[in-house]
Amino acid sequence: MPNILVNELLSFIDNSPSMFHATQSIEHKLEENNFTYLDRKDNWNLTNKGKYYTIVNNSCVVAFSINSQNLAEEGFRIIGTHADSPGFRIKPNAQMHKDTYIKLNTETYGGPILATWLDRPLSAAGRVVLKSDNVLHPTIKLLDFKEPIMVIPSLAIHMNRQVNEGIKLNPQKDMLPVLGYIDDSVNKNLLLDFMANKLEVDKQDIFDFGMYLYPCESSCIVGVDKQFISAPRLDNLSMTHSALTGFINGKSDVGINVFVAFDNEEVGSSTKQGANSPLLLHILERISNSIQCDREYFFRSLANSFIISADVAHLYHPNYPEKSDPTTKVLPGKGPAVKIDASCKYTTDSDSYSVFANLCKMHRIPYQVFVNRSDVRGGSTIGPITATQLGLRSIDIGTPMLAMHSARELMSVEDYVYTTAAMEAFYSLR
């Protein structure tokens, strides 16, 4: 089972080079398991034991299964993740011509470790918006070039003798990928032509696009004993896949199980498809209304609900032991990490911690605790955002990993398997 599960993760990551493709991958998995698509513009007529999902902006998925209709007493069991990852987005009018080289103008998305993107074969994926007969509803097509078409070359050490002492990279100058070179003047848009050819459309019909760079190397297992997963976008597709797998395999017969993969967490979540929107609140209320059209009933259900904010955690780094908390070290093979922060950057409190700890102990799943050093400001998650939107009991957990926000990240196979087991146990509560 662990080998099958990990191979499924590798395939999921490689087939999800953008948040749009991750959403499509999730949709395919839900359809394979007999979930029914709901259009948010339609009336929802939900039935007990029904399985449903909806999609927002091609980049956010909310799925749920109705296990009973005693919602006021049993509540929602929710796991929230995000499907976007740090990297580079291609700007409009991106083509740049300089001394025969053709480059692309890009901007950072989130907080990537810039140096890790240098000298890698890169491709691009995302969505393209095309002209349609309905002005308010243009045609959307997903696009993945699926081949290396560009590279961001380093400056040779002979021209920068201090390179191994550390350099500061400028995203507007140092991180522009090279598409090729041309001897004469450029009289066409190479990227737009390539895009139109791949989609088999007239380039005049392309209004806009949201395309993101990605490294072409496939995900793999590494280590003498095959103990590590090496892959791009483990933050946060690993947690998304764990939650999705647990959601589909969950065997609860109480309340309603909910899986949500938001977009735009890496840039603050303040979009209609992000956690800092009323999207999830609206969907939960629509579910409640379909069961019993009573707002008091809905608020009672929220009081009996619980949400896991699922985002990767930091693993103790063997080359930088001083970067970890001196008494609380997160080690590989010891299970998912419960994330705790006195400033409430994570939602874990003693109540929610106890819920997760008891769940893991009941199923013999190891778990550990992550805290930042007291002199280091850590990141945050969708947890505090959803807590302020919904007011639910909440916990932040994550599979620990190294090289977070690198073009290629590293995670223990065992920890990924343990996290997925914990997700399934949560969705199987009775």
# chains A, B, ... in the order shown; residues from 1 in each chain; ligands from 1
>>> residues_around(residues="region 170-177 of chain A", least_positions_apart="4", cutoff="8 Å", atoms="only C-alpha atoms", output="list in words")
Lys103, Leu104, Asn105, Thr106, Glu107, Thr108, Leu114, Leu118, Met150, Val151, Ile152 and Pro153 of chain A
>>> residues_around(residues="region 291-307 of chain A", least_positions_apart="4", cutoff="9 Å", atoms="only C-alpha atoms", output="JSON, numbers by chain")
{"A": [45, 46, 47, 48, 69, 70, 71, 72, 73, 74, 75, 76, 77, 78, 79, 80, 255, 284, 285, 286, 287, 352, 383, 386, 387, 390, 391, 392, 393, 394, 395, 396]}
>>> write_last_selection(atoms="C-alpha atoms", output="CSV table (one decimal), in the first residue's frame")
chain,number,residue,atom,x,y,z
A,45,ASN,CA,-31.0,19.3,-4.4
A,46,LEU,CA,-28.8,17.2,-2.1
A,47,THR,CA,-29.6,13.7,-0.9
A,48,ASN,CA,-28.4,11.7,2.1
A,69,GLN,CA,-28.6,14.4,8.0
A,70,ASN,CA,-28.2,15.1,11.7
A,71,LEU,CA,-26.0,18.0,10.9
A,72,ALA,CA,-26.8,20.2,13.8
A,73,GLU,CA,-25.6,17.6,16.2
A,74,GLU,CA,-22.7,16.1,14.2
A,75,GLY,CA,-21.4,19.0,12.2
A,76,PHE,CA,-18.8,19.2,9.4
A,77,ARG,CA,-15.4,17.5,9.3
A,78,ILE,CA,-13.3,19.7,7.1
A,79,ILE,CA,-9.7,19.5,5.8
A,80,GLY,CA,-8.5,22.6,4.0
A,255,GLY,CA,-22.2,14.5,9.7
A,284,LEU,CA,-21.4,25.1,4.0
A,285,GLU,CA,-24.6,27.2,4.5
A,286,ARG,CA,-26.0,26.0,1.1
A,287,ILE,CA,-25.4,22.4,2.3
A,352,SER,CA,-7.6,21.0,19.1
A,383,GLY,CA,-5.8,28.1,9.2
A,386,THR,CA,-10.6,30.1,7.8
A,387,ALA,CA,-10.9,30.4,11.6
A,390,LEU,CA,-16.0,30.3,10.1
A,391,GLY,CA,-15.2,30.5,13.8
A,392,LEU,CA,-14.6,26.7,14.0
A,393,ARG,CA,-12.4,24.6,16.2
A,394,SER,CA,-9.2,24.2,14.2
A,395,ILE,CA,-5.8,22.7,14.1
A,396,ASP,CA,-2.7,23.2,11.9
>>> residues_around(residues="Ala83 (chain A)", least_positions_apart="6", cutoff="6 Å", atoms="only C-alpha atoms", output="PDB file with all heavy atoms, in the first residue's frame")
ATOM      1  N   MET A  19      -1.817  25.384 -10.619  1.00  0.00           N
ATOM      2  CA  MET A  19      -2.995  25.212  -9.765  1.00  0.00           C
ATOM      3  C   MET A  19      -4.223  24.809 -10.568  1.00  0.00           C
ATOM      4  O   MET A  19      -5.099  24.091 -10.081  1.00  0.00           O
ATOM      5  CB  MET A  19      -3.273  26.487  -8.955  1.00  0.00           C
ATOM      6  CG  MET A  19      -3.603  27.717  -9.778  1.00  0.00           C
ATOM      7  SD  MET A  19      -2.150  28.486 -10.529  1.00  0.00           S
ATOM      8  CE  MET A  19      -1.542  29.477  -9.184  1.00  0.00           C
ATOM      9  N   ASN A 236       2.059  22.705  -1.978  1.00  0.00           N
ATOM     10  CA  ASN A 236       1.370  21.971  -0.940  1.00  0.00           C
ATOM     11  C   ASN A 236       0.598  20.796  -1.547  1.00  0.00           C
ATOM     12  O   ASN A 236      -0.394  20.333  -1.005  1.00  0.00           O
ATOM     13  CB  ASN A 236       0.435  22.933  -0.188  1.00  0.00           C
ATOM     14  CG  ASN A 236      -0.097  22.395   1.104  1.00  0.00           C
ATOM     15  OD1 ASN A 236       0.614  21.782   1.881  1.00  0.00           O
ATOM     16  ND2 ASN A 236      -1.370  22.597   1.325  1.00  0.00           N
ATOM     17  N   LEU A 237       1.077  20.302  -2.709  1.00  0.00           N
ATOM     18  CA  LEU A 237       0.351  19.223  -3.366  1.00  0.00           C
ATOM     19  C   LEU A 237       0.430  17.920  -2.579  1.00  0.00           C
ATOM     20  O   LEU A 237      -0.470  17.070  -2.687  1.00  0.00           O
ATOM     21  CB  LEU A 237       0.876  19.013  -4.791  1.00  0.00           C
ATOM     22  CG  LEU A 237       0.575  20.134  -5.784  1.00  0.00           C
ATOM     23  CD1 LEU A 237       1.035  19.742  -7.190  1.00  0.00           C
ATOM     24  CD2 LEU A 237      -0.905  20.487  -5.806  1.00  0.00           C
ATOM     25  N   ALA A 261      -9.596  22.514  -1.499  1.00  0.00           N
ATOM     26  CA  ALA A 261      -8.262  22.911  -1.943  1.00  0.00           C
ATOM     27  C   ALA A 261      -8.363  24.326  -2.496  1.00  0.00           C
ATOM     28  O   ALA A 261      -8.859  24.537  -3.609  1.00  0.00           O
ATOM     29  CB  ALA A 261      -7.732  21.950  -2.999  1.00  0.00           C
ATOM     30  N   ASP A 263      -6.972  28.232  -3.649  1.00  0.00           N
ATOM     31  CA  ASP A 263      -5.916  28.795  -4.482  1.00  0.00           C
ATOM     32  C   ASP A 263      -5.343  30.013  -3.777  1.00  0.00           C
ATOM     33  O   ASP A 263      -5.912  30.521  -2.802  1.00  0.00           O
ATOM     34  CB  ASP A 263      -6.505  29.180  -5.844  1.00  0.00           C
ATOM     35  CG  ASP A 263      -5.434  29.551  -6.872  1.00  0.00           C
ATOM     36  OD1 ASP A 263      -4.236  29.319  -6.619  1.00  0.00           O
ATOM     37  OD2 ASP A 263      -5.809  30.072  -7.945  1.00  0.00           O
TER      38      ASP A 263
END
>>> closest_residue(among="A:His314, A:Lys198, A:Lys51, A:Lys188", to="Ala63 (chain A)", atoms="only C-alpha atoms")
A:Lys51
>>> atom_distance(atom1="CA of Asp341 (chain A)", atom2="CA of Leu279 (chain A)")
26.4 Å
>>> select_by_dssp(residues="region 33-280 of chain A", states="alpha helix (DSSP H)", output="ChimeraX atom specification")
/A:71-74,190-199,234-249,279-280
>>> atom_distance(atom1="CA of Asp39 (chain A)", atom2="CA of Ile55 (chain A)")
7.9 Å
>>> residues_around(residues="Ala115 (chain A)", least_positions_apart="2", cutoff="10 Å", atoms="only C-alpha atoms", output="number ranges by chain")
A: 112-113, 117-119, 152, 154, 167-169, 174-175, 406-407
>>> write_last_selection(atoms="N, CA, C and O atoms", output="compact mmCIF listing (two decimals), in the first residue's frame")
# COMPACT_ATOMS: atom_id res chain seq x y z
N PRO A 112 9.47 32.00 -3.93
CA PRO A 112 10.37 30.91 -4.33
C PRO A 112 11.81 31.18 -3.91
O PRO A 112 12.22 32.34 -3.78
N ILE A 113 12.59 30.12 -3.70
CA ILE A 113 14.03 30.25 -3.51
C ILE A 113 14.63 30.42 -4.90
O ILE A 113 14.73 29.47 -5.68
N TRP A 117 16.02 27.79 -9.17
CA TRP A 117 15.41 27.77 -10.51
C TRP A 117 16.43 27.96 -11.62
O TRP A 117 16.10 27.84 -12.81
N LEU A 118 17.67 28.26 -11.26
CA LEU A 118 18.70 28.50 -12.27
C LEU A 118 19.15 27.20 -12.94
O LEU A 118 19.25 26.15 -12.30
N ASP A 119 19.42 27.27 -14.24
CA ASP A 119 20.04 26.19 -15.02
C ASP A 119 19.20 24.92 -15.10
O ASP A 119 19.73 23.84 -15.35
N ILE A 152 16.87 29.49 -17.25
CA ILE A 152 17.41 30.72 -16.65
C ILE A 152 18.88 30.46 -16.36
O ILE A 152 19.22 29.78 -15.38
N SER A 154 22.74 30.69 -15.15
CA SER A 154 23.58 31.36 -14.15
C SER A 154 24.68 32.17 -14.82
O SER A 154 25.00 31.96 -16.00
N ILE A 167 25.10 35.37 -3.29
CA ILE A 167 24.76 36.48 -4.17
C ILE A 167 23.30 36.86 -3.96
O ILE A 167 22.48 36.04 -3.54
N LYS A 168 22.99 38.09 -4.26
CA LYS A 168 21.60 38.57 -4.19
C LYS A 168 21.06 38.60 -5.61
O LYS A 168 21.60 39.29 -6.48
N LEU A 169 20.02 37.82 -5.87
CA LEU A 169 19.43 37.73 -7.20
C LEU A 169 18.27 38.71 -7.31
O LEU A 169 17.43 38.81 -6.42
N ASP A 174 17.94 39.04 -13.04
CA ASP A 174 18.69 37.78 -13.04
C ASP A 174 17.83 36.55 -13.33
O ASP A 174 18.37 35.49 -13.60
N MET A 175 16.52 36.67 -13.24
CA MET A 175 15.66 35.49 -13.29
C MET A 175 14.79 35.41 -14.54
O MET A 175 13.73 34.78 -14.54
N SER A 406 11.73 25.63 -2.47
CA SER A 406 12.70 25.38 -3.53
C SER A 406 11.99 24.90 -4.78
O SER A 406 10.83 24.44 -4.72
N ALA A 407 12.67 24.97 -5.92
CA ALA A 407 12.10 24.40 -7.15
C ALA A 407 11.93 22.89 -7.02
O ALA A 407 11.14 22.29 -7.74
>>> atom_distance(atom1="CA of Leu179 (chain A)", atom2="CA of Ile102 (chain A)")
5.5 Å
>>> select_by_dssp(residues="region 31-208 of chain A", states="strand (DSSP E)", output="count of residues only")
65
>>> residues_around(residues="Pro148 (chain A)", least_positions_apart="5", cutoff="10 Å", atoms="only C-alpha atoms", output="MDAnalysis selection string")
chainID A and resid 120:124 179 214:217
>>> write_last_selection(atoms="N, CA and C atoms", output="tab-separated table (two decimals), in the first residue's frame")
chain	number	residue	atom	x	y	z
A	120	ARG	N	17.91	25.03	-14.87
A	120	ARG	CA	17.01	23.88	-15.01
A	120	ARG	C	16.23	23.98	-16.32
A	121	PRO	N	16.00	22.87	-16.99
A	121	PRO	CA	15.05	22.90	-18.12
A	121	PRO	C	13.67	23.25	-17.59
A	122	LEU	N	13.06	24.27	-18.17
A	122	LEU	CA	11.77	24.76	-17.68
A	122	LEU	C	10.71	24.68	-18.78
A	123	SER	N	9.50	24.44	-18.35
A	123	SER	CA	8.34	24.52	-19.23
A	123	SER	C	7.35	25.49	-18.60
A	124	ALA	N	6.14	25.53	-19.14
A	124	ALA	CA	5.11	26.41	-18.59
A	124	ALA	C	3.75	25.75	-18.73
A	179	LEU	N	14.38	31.89	-24.15
A	179	LEU	CA	13.62	31.02	-25.06
A	179	LEU	C	14.46	30.54	-26.24
A	214	TYR	N	7.52	25.87	-14.69
A	214	TYR	CA	7.75	24.72	-13.81
A	214	TYR	C	8.96	23.93	-14.30
A	215	PRO	N	9.69	23.29	-13.38
A	215	PRO	CA	10.84	22.47	-13.77
A	215	PRO	C	10.37	21.19	-14.44
A	216	CYS	N	11.09	20.76	-15.47
A	216	CYS	CA	10.64	19.61	-16.27
A	216	CYS	C	10.99	18.26	-15.65
A	217	GLU	N	11.94	18.20	-14.71
A	217	GLU	CA	12.35	16.91	-14.17
A	217	GLU	C	11.19	16.24	-13.42
>>> residues_around(residues="region 410-412 of chain A", least_positions_apart="5", cutoff="6 Å", atoms="only C-alpha atoms", output="list in words")
Gln227, Phe228, Ile229, Ser230, Pro332, Met401 and Leu402 of chain A
>>> write_last_selection(atoms="C-alpha atoms", output="PDB file, in the first residue's frame")
ATOM      1  CA  GLN A 227      13.295   6.936   2.124  1.00  0.00           C
ATOM      2  CA  PHE A 228      12.731  10.355   0.550  1.00  0.00           C
ATOM      3  CA  ILE A 229      10.366  11.901  -1.973  1.00  0.00           C
ATOM      4  CA  SER A 230      12.119  14.439  -4.213  1.00  0.00           C
ATOM      5  CA  PRO A 332      12.010  12.337   9.533  1.00  0.00           C
ATOM      6  CA  MET A 401       9.918  18.587   4.711  1.00  0.00           C
ATOM      7  CA  LEU A 402      13.254  20.112   3.731  1.00  0.00           C
TER       8      LEU A 402
END
>>> residues_around(residues="Asn33 (chain A)", least_positions_apart="3", cutoff="12 Å", atoms="only C-alpha atoms", output="JSON, numbers by chain")
{"A": [26, 27, 28, 29, 30, 36, 37, 50, 51, 52, 53, 63, 65, 244, 245, 247, 248, 249]}
>>> closest_atom_pairs(of="region 169-263 of chain A", to="region 92-100 of chain A", cutoff="6 Å", atoms="only C-alpha atoms", output="CSV")
residue,atom,partner,partner_atom,distance
A:Tyr181,CA,A:Thr100,CA,5.2
A:Ile182,CA,A:Thr100,CA,5.1
A:Asp183,CA,A:Thr100,CA,5.8
>>> closest_residue(among="A:Phe262, A:Tyr346, A:Tyr416, A:Tyr316", to="Thr23 (chain A)", atoms="only C-alpha atoms")
A:Phe262
>>> closest_atom_pairs(of="region 53-116 of chain A", to="region 125-143 of chain A", cutoff="12 Å", atoms="only C-alpha atoms", output="CSV")
residue,atom,partner,partner_atom,distance
A:Asn57,CA,A:Ile140,CA,9.9
A:Asn58,CA,A:Arg127,CA,8.6
A:Ser59,CA,A:Arg127,CA,9.9
A:Asp84,CA,A:Gly126,CA,11.3
A:Gly87,CA,A:Ala125,CA,11.7
A:Phe88,CA,A:Ala125,CA,10.9
A:Arg89,CA,A:Gly126,CA,9.3
A:Ile90,CA,A:Ala125,CA,10.0
>>> closest_residue(among="A:Lys323, A:Arg233, A:Lys226, A:Lys251", to="His82 (chain A)", atoms="only C-alpha atoms")
A:Arg233
